[in-house]
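Shown next: structure.pdb, containing PDB, C-alpha atoms and all ligand atoms.
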```pdb
ATOM      1  CA  MET A 824      84.822-123.277   3.730  1.00  0.00           C
ATOM      2  CA  ALA A 825      85.515-120.707   1.008  1.00  0.00           C
ATOM      3  CA  ILE A 826      88.936-119.354   0.168  1.00  0.00           C
ATOM      4  CA  LEU A 827      88.601-115.983  -1.554  1.00  0.00           C
ATOM      5  CA  PRO A 828      91.182-114.710  -4.064  1.00  0.00           C
ATOM      6  CA  ILE A 829      93.474-112.131  -2.412  1.00  0.00           C
ATOM      7  CA  ARG A 830      93.957-108.976  -4.503  1.00  0.00           C
ATOM      8  CA  ARG A 831      97.612-108.198  -5.127  1.00  0.00           C
ATOM      9  CA  PHE A 832      99.500-104.923  -5.608  1.00  0.00           C
ATOM     10  CA  PRO A 833      99.027-102.920  -7.891  1.00  0.00           C
ATOM     11  CA  ASP A 834      95.292-103.824  -7.941  1.00  0.00           C
ATOM     12  CA  PRO A 835      93.479-100.427  -7.639  1.00  0.00           C
ATOM     13  CA  VAL A 836      91.036-101.831  -5.055  1.00  0.00           C
ATOM     14  CA  LEU A 837      93.914-101.654  -2.550  1.00  0.00           C
ATOM     15  CA  LYS A 838      93.980 -97.845  -2.931  1.00  0.00           C
ATOM     16  CA  GLU A 839      90.207 -97.469  -2.379  1.00  0.00           C
ATOM     17  CA  LYS A 840      88.731 -96.226   0.898  1.00  0.00           C
ATOM     18  CA  CYS A 841      86.204 -98.707   2.290  1.00  0.00           C
ATOM     19  CA  ARG A 842      82.651 -97.652   3.227  1.00  0.00           C
ATOM     20  CA  PRO A 843      81.205 -98.060   6.742  1.00  0.00           C
ATOM     21  CA  VAL A 844      79.139-101.207   7.332  1.00  0.00           C
ATOM     22  CA  GLU A 845      75.506-100.234   7.917  1.00  0.00           C
ATOM     23  CA  THR A 846      73.850-103.626   8.353  1.00  0.00           C
ATOM     24  CA  ILE A 847      75.229-106.592  10.258  1.00  0.00           C
ATOM     25  CA  ASP A 848      73.331-109.577   8.898  1.00  0.00           C
ATOM     26  CA  ASP A 849      73.915-113.196   7.883  1.00  0.00           C
ATOM     27  CA  GLY A 850      75.452-112.033   4.577  1.00  0.00           C
ATOM     28  CA  LEU A 851      78.096-110.044   6.477  1.00  0.00           C
ATOM     29  CA  ARG A 852      78.694-112.952   8.887  1.00  0.00           C
ATOM     30  CA  LYS A 853      79.257-115.241   5.868  1.00  0.00           C
ATOM     31  CA  LEU A 854      81.812-112.751   4.491  1.00  0.00           C
ATOM     32  CA  ILE A 855      83.532-112.695   7.926  1.00  0.00           C
ATOM     33  CA  LYS A 856      83.727-116.519   7.912  1.00  0.00           C
ATOM     34  CA  ASN A 857      85.132-116.552   4.377  1.00  0.00           C
ATOM     35  CA  MET A 858      87.687-113.860   5.248  1.00  0.00           C
ATOM     36  CA  ALA A 859      88.792-115.848   8.307  1.00  0.00           C
ATOM     37  CA  ASP A 860      89.133-119.029   6.189  1.00  0.00           C
ATOM     38  CA  THR A 861      91.159-117.044   3.634  1.00  0.00           C
ATOM     39  CA  MET A 862      93.439-115.520   6.307  1.00  0.00           C
ATOM     40  CA  TYR A 863      94.153-118.920   7.929  1.00  0.00           C
ATOM     41  CA  ASP A 864      94.733-120.561   4.534  1.00  0.00           C
ATOM     42  CA  ALA A 865      97.214-117.886   3.346  1.00  0.00           C
ATOM     43  CA  PRO A 866      98.479-118.012   6.154  1.00  0.00           C
ATOM     44  CA  GLY A 867      98.322-114.547   7.677  1.00  0.00           C
ATOM     45  CA  ILE A 868      97.602-112.816  10.959  1.00  0.00           C
ATOM     46  CA  GLY A 869      95.066-110.390   9.520  1.00  0.00           C
ATOM     47  CA  LEU A 870      92.948-109.536   6.497  1.00  0.00           C
ATOM     48  CA  ALA A 871      90.937-106.504   5.401  1.00  0.00           C
ATOM     49  CA  ALA A 872      87.785-106.725   3.255  1.00  0.00           C
ATOM     50  CA  ASN A 873      89.234-104.763   0.319  1.00  0.00           C
ATOM     51  CA  GLN A 874      92.020-107.367   0.077  1.00  0.00           C
ATOM     52  CA  VAL A 875      89.276-109.712  -1.134  1.00  0.00           C
ATOM     53  CA  GLY A 876      87.672-107.029  -3.296  1.00  0.00           C
ATOM     54  CA  VAL A 877      84.914-105.943  -0.889  1.00  0.00           C
ATOM     55  CA  LEU A 878      84.846-102.209  -0.080  1.00  0.00           C
ATOM     56  CA  LYS A 879      83.521-102.522   3.485  1.00  0.00           C
ATOM     57  CA  CYS A 880      85.148-101.339   6.727  1.00  0.00           C
ATOM     58  CA  LEU A 881      85.718-104.848   8.053  1.00  0.00           C
ATOM     59  CA  ILE A 882      88.869-106.584   9.251  1.00  0.00           C
ATOM     60  CA  VAL A 883      89.744-109.928  10.834  1.00  0.00           C
ATOM     61  CA  ILE A 884      92.842-110.585  12.946  1.00  0.00           C
ATOM     62  CA  ASP A 885      94.336-113.577  14.731  1.00  0.00           C
ATOM     63  CA  VAL A 886      97.670-112.958  16.428  1.00  0.00           C
ATOM     64  CA  ASP A 887      97.215-115.343  19.360  1.00  0.00           C
ATOM     65  CA  ASP A 888      94.944-118.252  18.392  1.00  0.00           C
ATOM     66  CA  GLU A 889      91.803-116.150  18.772  1.00  0.00           C
ATOM     67  CA  LEU A 890      89.802-114.799  15.858  1.00  0.00           C
ATOM     68  CA  MET A 891      89.022-111.097  16.337  1.00  0.00           C
ATOM     69  CA  VAL A 892      86.488-109.284  14.155  1.00  0.00           C
ATOM     70  CA  PHE A 893      86.369-105.488  13.874  1.00  0.00           C
ATOM     71  CA  ILE A 894      83.564-103.741  11.996  1.00  0.00           C
ATOM     72  CA  ASN A 895      84.002 -99.991  11.318  1.00  0.00           C
ATOM     73  CA  PRO A 896      87.222 -99.880  13.392  1.00  0.00           C
ATOM     74  CA  GLU A 897      88.655 -96.492  14.396  1.00  0.00           C
ATOM     75  CA  ILE A 898      91.884 -95.639  16.182  1.00  0.00           C
ATOM     76  CA  THR A 899      90.865 -93.277  18.989  1.00  0.00           C
ATOM     77  CA  TRP A 900      94.332 -92.818  20.532  1.00  0.00           C
ATOM     78  CA  ALA A 901      97.926 -93.654  19.600  1.00  0.00           C
ATOM     79  CA  SER A 902     101.037 -93.466  21.780  1.00  0.00           C
ATOM     80  CA  GLU A 903     103.730 -90.934  20.981  1.00  0.00           C
ATOM     81  CA  GLU A 904     106.245 -93.748  21.335  1.00  0.00           C
ATOM     82  CA  THR A 905     106.843 -95.460  18.003  1.00  0.00           C
ATOM     83  CA  GLU A 906     108.730 -98.562  16.917  1.00  0.00           C
ATOM     84  CA  GLU A 907     110.198 -99.649  13.592  1.00  0.00           C
ATOM     85  CA  SER A 908     109.599-103.283  12.624  1.00  0.00           C
ATOM     86  CA  GLU A 909     109.433-105.445   9.513  1.00  0.00           C
ATOM     87  CA  GLU A 910     105.996-106.188   8.050  1.00  0.00           C
ATOM     88  CA  GLY A 911     104.798-108.412   5.265  1.00  0.00           C
ATOM     89  CA  CYS A 912     101.508-108.088   3.404  1.00  0.00           C
ATOM     90  CA  LEU A 913      99.450-110.787   1.701  1.00  0.00           C
ATOM     91  CA  SER A 914      98.614-108.255  -1.036  1.00  0.00           C
ATOM     92  CA  VAL A 915     102.286-107.512  -1.730  1.00  0.00           C
ATOM     93  CA  GLY A 916     103.825-110.941  -1.223  1.00  0.00           C
ATOM     94  CA  ALA A 917     104.102-112.439   2.255  1.00  0.00           C
ATOM     95  CA  ASP A 918     107.844-113.018   1.824  1.00  0.00           C
ATOM     96  CA  ILE A 919     108.528-109.358   0.984  1.00  0.00           C
ATOM     97  CA  ASN A 920     109.090-107.503   4.243  1.00  0.00           C
ATOM     98  CA  VAL A 921     109.615-103.774   4.635  1.00  0.00           C
ATOM     99  CA  LEU A 922     110.354-101.612   7.663  1.00  0.00           C
ATOM    100  CA  VAL A 923     107.360 -99.685   8.970  1.00  0.00           C
ATOM    101  CA  THR A 924     107.363 -97.263  11.928  1.00  0.00           C
ATOM    102  CA  ARG A 925     104.156 -97.240  13.967  1.00  0.00           C
ATOM    103  CA  PRO A 926     102.890 -96.178  17.410  1.00  0.00           C
ATOM    104  CA  VAL A 927     103.599 -98.881  19.994  1.00  0.00           C
ATOM    105  CA  LYS A 928     100.182 -98.665  21.711  1.00  0.00           C
ATOM    106  CA  ILE A 929      96.754 -97.743  20.383  1.00  0.00           C
ATOM    107  CA  LYS A 930      93.120 -97.631  21.473  1.00  0.00           C
ATOM    108  CA  VAL A 931      90.522 -98.851  18.993  1.00  0.00           C
ATOM    109  CA  LYS A 932      86.740 -98.742  18.929  1.00  0.00           C
ATOM    110  CA  ALA A 933      84.629-100.881  16.611  1.00  0.00           C
ATOM    111  CA  LEU A 934      81.605-103.159  16.467  1.00  0.00           C
ATOM    112  CA  ASN A 935      81.849-106.941  16.812  1.00  0.00           C
ATOM    113  CA  GLU A 936      80.037-109.448  14.554  1.00  0.00           C
ATOM    114  CA  ASN A 937      76.896-109.130  16.697  1.00  0.00           C
ATOM    115  CA  GLY A 938      76.857-105.349  16.325  1.00  0.00           C
ATOM    116  CA  ASP A 939      77.947-104.721  19.930  1.00  0.00           C
ATOM    117  CA  PRO A 940      80.351-101.803  20.488  1.00  0.00           C
ATOM    118  CA  ILE A 941      83.850-102.874  21.577  1.00  0.00           C
ATOM    119  CA  GLU A 942      86.834-100.830  22.743  1.00  0.00           C
ATOM    120  CA  LEU A 943      90.308-102.093  23.434  1.00  0.00           C
ATOM    121  CA  GLU A 944      93.837-100.957  24.126  1.00  0.00           C
ATOM    122  CA  ALA A 945      96.439-102.910  22.179  1.00  0.00           C
ATOM    123  CA  ASP A 946     100.206-103.174  22.122  1.00  0.00           C
ATOM    124  CA  GLY A 947     102.749-105.556  20.611  1.00  0.00           C
ATOM    125  CA  LEU A 948     101.786-107.543  17.524  1.00  0.00           C
ATOM    126  CA  LEU A 949      98.045-106.891  17.985  1.00  0.00           C
ATOM    127  CA  ALA A 950      98.631-103.104  17.831  1.00  0.00           C
ATOM    128  CA  ARG A 951     100.749-103.526  14.711  1.00  0.00           C
ATOM    129  CA  ALA A 952      98.249-105.854  13.004  1.00  0.00           C
ATOM    130  CA  LEU A 953      95.333-103.517  13.818  1.00  0.00           C
ATOM    131  CA  GLN A 954      97.197-100.529  12.334  1.00  0.00           C
ATOM    132  CA  HIS A 955      98.174-102.567   9.247  1.00  0.00           C
ATOM    133  CA  GLU A 956      94.557-103.668   8.638  1.00  0.00           C
ATOM    134  CA  ILE A 957      93.022-100.256   9.404  1.00  0.00           C
ATOM    135  CA  ASP A 958      95.506 -98.807   6.903  1.00  0.00           C
ATOM    136  CA  HIS A 959      94.151-101.288   4.317  1.00  0.00           C
ATOM    137  CA  ILE A 960      90.542-100.150   4.741  1.00  0.00           C
ATOM    138  CA  ASN A 961      91.777 -96.568   4.299  1.00  0.00           C
ATOM    139  CA  GLY A 962      93.491 -97.503   1.029  1.00  0.00           C
ATOM    140  CA  VAL A 963      97.019 -97.462   2.472  1.00  0.00           C
ATOM    141  CA  ILE A 964      99.551-100.292   2.148  1.00  0.00           C
ATOM    142  CA  ILE A 965     103.003-100.888   3.646  1.00  0.00           C
ATOM    143  CA  LEU A 966     104.714 -99.563   0.508  1.00  0.00           C
ATOM    144  CA  ASP A 967     103.117 -96.176   1.309  1.00  0.00           C
ATOM    145  CA  ARG A 968     104.436 -96.333   4.889  1.00  0.00           C
ATOM    146  CA  THR A 969     108.042 -97.418   4.387  1.00  0.00           C
ATOM    147  CA  THR A 970     111.187 -95.511   3.400  1.00  0.00           C
ATOM    148  CA  PRO A 971     111.848 -94.703  -0.288  1.00  0.00           C
ATOM    149  CA  GLU A 972     114.832 -97.094  -0.195  1.00  0.00           C
ATOM    150  CA  GLU A 973     112.800-100.009   1.238  1.00  0.00           C
ATOM    151  CA  LYS A 974     110.024 -99.310  -1.288  1.00  0.00           C
ATOM    152  CA  ARG A 975     112.502 -99.268  -4.185  1.00  0.00           C
ATOM    153  CA  LYS A 976     113.950-102.633  -3.089  1.00  0.00           C
ATOM    154  CA  ALA A 977     110.483-104.193  -2.711  1.00  0.00           C
ATOM    155  CA  LEU A 978     109.317-102.919  -6.132  1.00  0.00           C
ATOM    156  CA  LYS A 979     112.507-104.225  -7.762  1.00  0.00           C
ATOM    157  CA  GLU A 980     111.948-107.650  -6.197  1.00  0.00           C
ATOM    158  CA  LEU A 981     108.297-107.667  -7.333  1.00  0.00           C
ATOM    159  CA  ALA A 982     109.255-106.632 -10.888  1.00  0.00           C
ATOM    160  CA  SER A 983     111.782-109.485 -11.084  1.00  0.00           C
ATOM    161  CA  ARG A 984     109.007-111.963 -10.214  1.00  0.00           C
ATOM    162  CA  ARG A 985     106.330-110.758 -12.612  1.00  0.00           C
ATOM    163  CA  PRO A 986     106.053-112.801 -15.798  1.00  0.00           C
ATOM    164  CA  LEU A 987     106.711-110.659 -18.882  1.00  0.00           C
ATOM    165  CA  ALA A 988     103.626-110.052 -21.067  1.00  0.00           C
TER     166      ALA A 988
HETATM  167  O1  LIG B1001      96.825-107.745   5.857  1.00  0.00           O
HETATM  168  C1  LIG B1001      97.690-108.520   5.469  1.00  0.00           C
HETATM  169  O2  LIG B1001      98.270-108.360   4.395  1.00  0.00           O
HETATM  170  C2  LIG B1001      98.077-109.653   6.358  1.00  0.00           C
HETATM  171  C3  LIG B1001      99.433-109.448   7.023  1.00  0.00           C
HETATM  172  C4  LIG B1001      99.199-108.709   8.317  1.00  0.00           C
HETATM  173  C5  LIG B1001     100.400-108.200   9.074  1.00  0.00           C
HETATM  174  C6  LIG B1001     101.674-108.654   8.877  1.00  0.00           C
HETATM  175  C7  LIG B1001     102.729-108.155   9.630  1.00  0.00           C
HETATM  176  C8  LIG B1001     102.521-107.218  10.587  1.00  0.00           C
HETATM  177  C9  LIG B1001     101.242-106.752  10.770  1.00  0.00           C
HETATM  178  C10 LIG B1001     100.187-107.253  10.026  1.00  0.00           C
HETATM  179  C11 LIG B1001     100.076-110.806   7.229  1.00  0.00           C
HETATM  180  O3  LIG B1001      99.573-111.583   7.954  1.00  0.00           O
HETATM  181  S1  LIG B1001     101.544-111.161   6.367  1.00  0.00           S
HETATM  182  C12 LIG B1001     101.959-112.778   6.954  1.00  0.00           C
HETATM  183  C13 LIG B1001     102.463-112.801   8.346  1.00  0.00           C
HETATM  184  O4  LIG B1001     102.842-111.785   8.898  1.00  0.00           O
HETATM  185  C14 LIG B1001     102.499-114.086   9.093  1.00  0.00           C
HETATM  186  C15 LIG B1001     102.087-115.253   8.520  1.00  0.00           C
HETATM  187  C16 LIG B1001     102.124-116.438   9.237  1.00  0.00           C
HETATM  188  C17 LIG B1001     102.585-116.450  10.528  1.00  0.00           C
HETATM  189  C18 LIG B1001     103.015-115.280  11.105  1.00  0.00           C
HETATM  190  C19 LIG B1001     102.973-114.094  10.393  1.00  0.00           C
HETATM  191 ZN    ZN B1002      98.456-106.225   4.172  1.00  0.00          ZN
END
```

What's the structure tokens form of this structure?
Amino acid sequence: MAILPIRRFPDPVLKEKCRPVETIDDGLRKLIKNMADTMYDAPGIGLAANQVGVLKCLIVIDVDDELMVFINPEITWASEETEESEEGCLSVGADINVLVTRPVKIKVKALNENGDPIELEADGLLARALQHEIDHINGVIILDRTTPEEKRKALKELASRRPLA
């Protein structure tokens, strides 16, 4: 079991766009295992590769006691209906929650850890977690998605926690 250090805001790696995975081999499967260990240890319901400093389009999610792996995930459809809900982020501070508005339902295509194509329609927490993690691999975090007022409050809280140099 390997717990990887989780990069925290304002680490520039969180603003980077990840690159598509081209080869699914034992090295990638080891990274997937380490990301899953890291997500469960945090604890969290998802993790994107750039949160552990790896610029690959790879995410892991577990919202319902089942590990889900998505390689090169893409949202192919999103509902017009949206919903506002609070989200935390392991790269911001899991106890800092901000309101984020997202489509309620989405369709996603990706590859699984064996390289097989997968497609699914998601709603509820899975849809939200998928959008949160796909945002990460596109260099977007919840502070980019929330209202200016929510962002200001979150940044103030973070600044109050940071040790002075
Ligand atoms: O990517 C991350 O930063 C992980 C993040 C994912 C996420 C949170 C909220 C909505 C959508 C996606 C987290 O897992 S933060 C921690 C969290 O939400 C949680 C932790 C333990 C139990 C239940 C939830
Ligand atoms: Zn996050």

To one decimal in Å, tell me the separation between atom CA of Arg831 of chain A and atom CA of Asn935 of chain A. 27.0 Å

Name the residues within 9 Å of (109.8, -103.3, 9.3), counting only C-alpha atoms in the file's coordinates, and put them as number ranges by chain. A: 907-911, 920-924, 969

Extract, using all atoms listed in the file, all DNA, RNA and protein residues at most 12 Å from Ala872 of chain A, discarding same-chain residues fewer than 3 positions from it, and format them as a tab-separated table (two decimals) with C-alpha atoms, in the frame of the given file.
```
chain	number	residue	atom	x	y	z
A	827	LEU	CA	88.60	-115.98	-1.55
A	828	PRO	CA	91.18	-114.71	-4.06
A	829	ILE	CA	93.47	-112.13	-2.41
A	830	ARG	CA	93.96	-108.98	-4.50
A	836	VAL	CA	91.04	-101.83	-5.06
A	837	LEU	CA	93.91	-101.65	-2.55
A	839	GLU	CA	90.21	-97.47	-2.38
A	840	LYS	CA	88.73	-96.23	0.90
A	841	CYS	CA	86.20	-98.71	2.29
A	842	ARG	CA	82.65	-97.65	3.23
A	843	PRO	CA	81.20	-98.06	6.74
A	844	VAL	CA	79.14	-101.21	7.33
A	851	LEU	CA	78.10	-110.04	6.48
A	854	LEU	CA	81.81	-112.75	4.49
A	855	ILE	CA	83.53	-112.70	7.93
A	856	LYS	CA	83.73	-116.52	7.91
A	857	ASN	CA	85.13	-116.55	4.38
A	858	MET	CA	87.69	-113.86	5.25
A	859	ALA	CA	88.79	-115.85	8.31
A	861	THR	CA	91.16	-117.04	3.63
A	862	MET	CA	93.44	-115.52	6.31
A	869	GLY	CA	95.07	-110.39	9.52
A	875	VAL	CA	89.28	-109.71	-1.13
A	876	GLY	CA	87.67	-107.03	-3.30
A	877	VAL	CA	84.91	-105.94	-0.89
A	878	LEU	CA	84.85	-102.21	-0.08
A	879	LYS	CA	83.52	-102.52	3.48
A	880	CYS	CA	85.15	-101.34	6.73
A	881	LEU	CA	85.72	-104.85	8.05
A	882	ILE	CA	88.87	-106.58	9.25
A	883	VAL	CA	89.74	-109.93	10.83
A	884	ILE	CA	92.84	-110.58	12.95
A	892	VAL	CA	86.49	-109.28	14.16
A	893	PHE	CA	86.37	-105.49	13.87
A	894	ILE	CA	83.56	-103.74	12.00
A	895	ASN	CA	84.00	-99.99	11.32
A	914	SER	CA	98.61	-108.26	-1.04
A	956	GLU	CA	94.56	-103.67	8.64
A	957	ILE	CA	93.02	-100.26	9.40
A	958	ASP	CA	95.51	-98.81	6.90
A	959	HIS	CA	94.15	-101.29	4.32
A	960	ILE	CA	90.54	-100.15	4.74
A	961	ASN	CA	91.78	-96.57	4.30
A	962	GLY	CA	93.49	-97.50	1.03
```

Report, in Å with one decimal, the straight-line distance from atom CA of Glu897 of chain A to atom CA of Leu913 of chain A. 22.0 Å

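Nearest to Met891 of chain A of all the residues A:Ile826, A:Ile965, A:Ile941, A:Ile919 is A:Ile941, counting only C-alpha atoms.
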
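Our summary of the geometry notes that atom S1 of ligand LIG 1001 (chain B) is positioned 16.5 Å from atom CA of Glu889 of chain A.
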
Residues returned when the PyMOL selection byres (((chain A and resi 945-951) around 10) and not hetatm) runs on this file, as a PyMOL selection string: chain A and resi 868-869+884-887+901-902+906+908+910+923-931+942-944+952-957

Tell me which of A:Asp939, A:Glu980, A:Asp918, A:Glu973 sits closest to ligand ZN 1002 (chain B), counting only C-alpha atoms and all ligand atoms.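 That would be A:Asp918, the residue with the smallest distance to ligand ZN 1002 (chain B).
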
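Counting only C-alpha atoms, the residue from A:Arg852, A:Asn873, A:Asp888, A:Leu966 that sits nearest to Leu981 of chain A is A:Leu966.
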
Could you rebuild segment 828-843 of chain A with N, CA and C atoms and give it back as a PDB file, keeping the file's coordinate frame?
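Everything below was put into result_20.pdb:
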```pdb
ATOM      1  N   PRO A 828      89.927-115.179  -3.466  1.00  0.00           N
ATOM      2  CA  PRO A 828      91.182-114.710  -4.064  1.00  0.00           C
ATOM      3  C   PRO A 828      91.642-113.404  -3.405  1.00  0.00           C
ATOM      4  N   ILE A 829      92.916-113.338  -3.047  1.00  0.00           N
ATOM      5  CA  ILE A 829      93.474-112.131  -2.412  1.00  0.00           C
ATOM      6  C   ILE A 829      94.020-111.209  -3.502  1.00  0.00           C
ATOM      7  N   ARG A 830      93.514-109.961  -3.508  1.00  0.00           N
ATOM      8  CA  ARG A 830      93.957-108.976  -4.503  1.00  0.00           C
ATOM      9  C   ARG A 830      95.398-108.577  -4.217  1.00  0.00           C
ATOM     10  N   ARG A 831      96.187-108.488  -5.276  1.00  0.00           N
ATOM     11  CA  ARG A 831      97.612-108.198  -5.127  1.00  0.00           C
ATOM     12  C   ARG A 831      97.964-106.846  -5.710  1.00  0.00           C
ATOM     13  N   PHE A 832      98.930-106.162  -5.086  1.00  0.00           N
ATOM     14  CA  PHE A 832      99.500-104.923  -5.608  1.00  0.00           C
ATOM     15  C   PHE A 832      99.922-105.150  -7.056  1.00  0.00           C
ATOM     16  N   PRO A 833      99.617-104.258  -8.021  1.00  0.00           N
ATOM     17  CA  PRO A 833      99.027-102.920  -7.891  1.00  0.00           C
ATOM     18  C   PRO A 833      97.523-102.861  -8.168  1.00  0.00           C
ATOM     19  N   ASP A 834      96.748-103.855  -7.743  1.00  0.00           N
ATOM     20  CA  ASP A 834      95.292-103.824  -7.941  1.00  0.00           C
ATOM     21  C   ASP A 834      94.720-102.524  -7.348  1.00  0.00           C
ATOM     22  N   PRO A 835      93.981-101.723  -8.142  1.00  0.00           N
ATOM     23  CA  PRO A 835      93.479-100.427  -7.639  1.00  0.00           C
ATOM     24  C   PRO A 835      92.550-100.536  -6.440  1.00  0.00           C
ATOM     25  N   VAL A 836      91.949-101.693  -6.206  1.00  0.00           N
ATOM     26  CA  VAL A 836      91.036-101.831  -5.055  1.00  0.00           C
ATOM     27  C   VAL A 836      91.789-101.605  -3.733  1.00  0.00           C
ATOM     28  N   LEU A 837      93.104-101.828  -3.766  1.00  0.00           N
ATOM     29  CA  LEU A 837      93.914-101.654  -2.550  1.00  0.00           C
ATOM     30  C   LEU A 837      94.110-100.173  -2.210  1.00  0.00           C
ATOM     31  N   LYS A 838      93.840 -99.296  -3.165  1.00  0.00           N
ATOM     32  CA  LYS A 838      93.980 -97.845  -2.931  1.00  0.00           C
ATOM     33  C   LYS A 838      92.633 -97.201  -2.579  1.00  0.00           C
ATOM     34  N   GLU A 839      91.562 -97.996  -2.633  1.00  0.00           N
ATOM     35  CA  GLU A 839      90.207 -97.469  -2.379  1.00  0.00           C
ATOM     36  C   GLU A 839      89.940 -97.364  -0.877  1.00  0.00           C
ATOM     37  N   LYS A 840      89.194 -96.334  -0.489  1.00  0.00           N
ATOM     38  CA  LYS A 840      88.731 -96.226   0.898  1.00  0.00           C
ATOM     39  C   LYS A 840      87.461 -97.059   1.048  1.00  0.00           C
ATOM     40  N   CYS A 841      87.400 -97.877   2.082  1.00  0.00           N
ATOM     41  CA  CYS A 841      86.204 -98.707   2.290  1.00  0.00           C
ATOM     42  C   CYS A 841      85.071 -97.867   2.886  1.00  0.00           C
ATOM     43  N   ARG A 842      83.840 -98.371   2.703  1.00  0.00           N
ATOM     44  CA  ARG A 842      82.651 -97.652   3.227  1.00  0.00           C
ATOM     45  C   ARG A 842      82.202 -98.305   4.546  1.00  0.00           C
ATOM     46  N   PRO A 843      81.679 -97.492   5.464  1.00  0.00           N
ATOM     47  CA  PRO A 843      81.205 -98.060   6.742  1.00  0.00           C
ATOM     48  C   PRO A 843      80.132 -99.132   6.516  1.00  0.00           C
TER      49      PRO A 843
END
```
